[in-house]
Amino acid sequence: MSTIVRPALVLFAALTVICGVVYPFATAGIGQLAFNDEVNGSIVERAGRPVGSMLIGQSFTSPKYFWGRPSATAPMANNGAGSSGSNQGPTNPALVDAVKARIAALKEVDPGNTRAIPVDLVTASSSGLDPEISLAAALYQAPRVARVRAVPLAQVENAIAKVQKTAYIGFFGEPRVNVLELNLALDAAAK
């Protein structure tokens with residue numbers, strides 16, 4: 001019996017140390033060295049005060065700001081502790097009603113905009129925390145933001161172009177814009 005128990009306990013202790021101590025410290029250390037900003041939350045500060053994270057979406061509702069993707073997290077929008085999607089399918093009446101309400105909100109703040117509304121402005125992502133919107137979603141909102149801020153549309157489009165990110169590694173995904181970064185750039189330009 002001891003010939004079975006002793007090796008099992010030694011293996012259990014070894015795996016506990018490897019998986020419970022060595023591996024977490026090694027990955028945390030590599031993360032701090034290689035991806036320091038991301039590991040520490042990519043916190044954005046203005047005047048020494050944290051204003052948000054480049055990795056988690058923010059809830060902007062003022063018409064003078066670009067709006068991010070809707071969030072399905074609970075109990076509040078963009079809750080990093082409650083990352084999850086709504087799990088509502090395209091035929092779910094609750095999702096259909098939510099999309100209709102989001103379309104109505106976009107049309108209410110910008111009634112003259114006749115462009116097609118990009119899907120990422122009316123549907124939540126699977127994480128509910130997306131900090132970025134598509135380039136099309138940013139360009140859709142640009143006329144409203146320019147009008148409310150009383151600045152030329154070209155100035156807002158230039159701000160979009162400056163913060164626009166291309167596809168990952170040159171070919172994964174689409175061009176995108178970080179909403180917090182864009183809104184902070186517009187605020188800085190207004191000063």
# chains A, B, ... in the order shown; residues from 1 in each chain; ligands from 1
>>> residues_around(residues="segment 137-147 of chain A", least_positions_apart="6", cutoff="6 Å", atoms="only C-alpha atoms", output="ChimeraX atom specification")
/A:64,110,118,153
>>> write_last_selection(atoms="N, CA and C atoms", output="compact mmCIF listing (two decimals), in the first residue's frame")
# COMPACT_ATOMS: atom_id res chain seq x y z
N LYS A 64 -21.49 64.82 -27.36
CA LYS A 64 -20.21 65.37 -27.78
C LYS A 64 -19.09 64.33 -27.78
N ASP A 110 -28.87 62.29 -33.49
CA ASP A 110 -28.36 62.69 -34.80
C ASP A 110 -29.42 62.41 -35.87
N PRO A 118 -23.74 51.16 -38.26
CA PRO A 118 -22.90 49.97 -38.13
C PRO A 118 -23.39 49.06 -37.00
N LEU A 153 -15.78 69.08 -39.39
CA LEU A 153 -15.82 67.63 -39.52
C LEU A 153 -14.43 67.08 -39.83
>>> select_by_dssp(residues="chain A", states="alpha helix (DSSP H)", output="ChimeraX atom specification")
/A:2-17,23-34,36-39,93-109,135-149,153-163,179-190
>>> select_by_dssp(residues="segment 11-161 of chain A", states="strand (DSSP E or B)", output="list of chain:residue names")
A:Ile43, A:Val44, A:Glu45, A:Arg46, A:Arg49, A:Pro50, A:Val51, A:Gly52, A:Ser53, A:Glu132, A:Ile133, A:Ser134
>>> write_last_selection(atoms="C-alpha atoms", output="PDB file, in the first residue's frame")
ATOM      1  CA  ILE A  43      -4.725  52.653 -16.982  1.00  0.00           C
ATOM      2  CA  VAL A  44      -4.979  56.077 -18.636  1.00  0.00           C
ATOM      3  CA  GLU A  45      -4.288  59.067 -16.402  1.00  0.00           C
ATOM      4  CA  ARG A  46      -4.945  62.754 -16.954  1.00  0.00           C
ATOM      5  CA  ARG A  49      -5.944  61.005 -12.023  1.00  0.00           C
ATOM      6  CA  PRO A  50      -7.059  57.700 -13.593  1.00  0.00           C
ATOM      7  CA  VAL A  51      -9.779  58.245 -16.192  1.00  0.00           C
ATOM      8  CA  GLY A  52     -10.145  54.727 -17.581  1.00  0.00           C
ATOM      9  CA  SER A  53      -8.461  51.735 -19.135  1.00  0.00           C
ATOM     10  CA  GLU A 132     -12.945  49.679 -29.479  1.00  0.00           C
ATOM     11  CA  ILE A 133     -15.415  50.288 -32.270  1.00  0.00           C
ATOM     12  CA  SER A 134     -15.037  49.731 -35.974  1.00  0.00           C
TER      13      SER A 134
END
>>> closest_residue(among="A:Gly128, A:Thr123, A:Leu180, A:Asn113", to="Ala94 of chain A", atoms="only C-alpha atoms")
A:Thr123
>>> closest_residue(among="A:Met54, A:Leu106, A:Ala185, A:Leu129", to="Ala81 of chain A", atoms="only C-alpha atoms")
A:Leu129
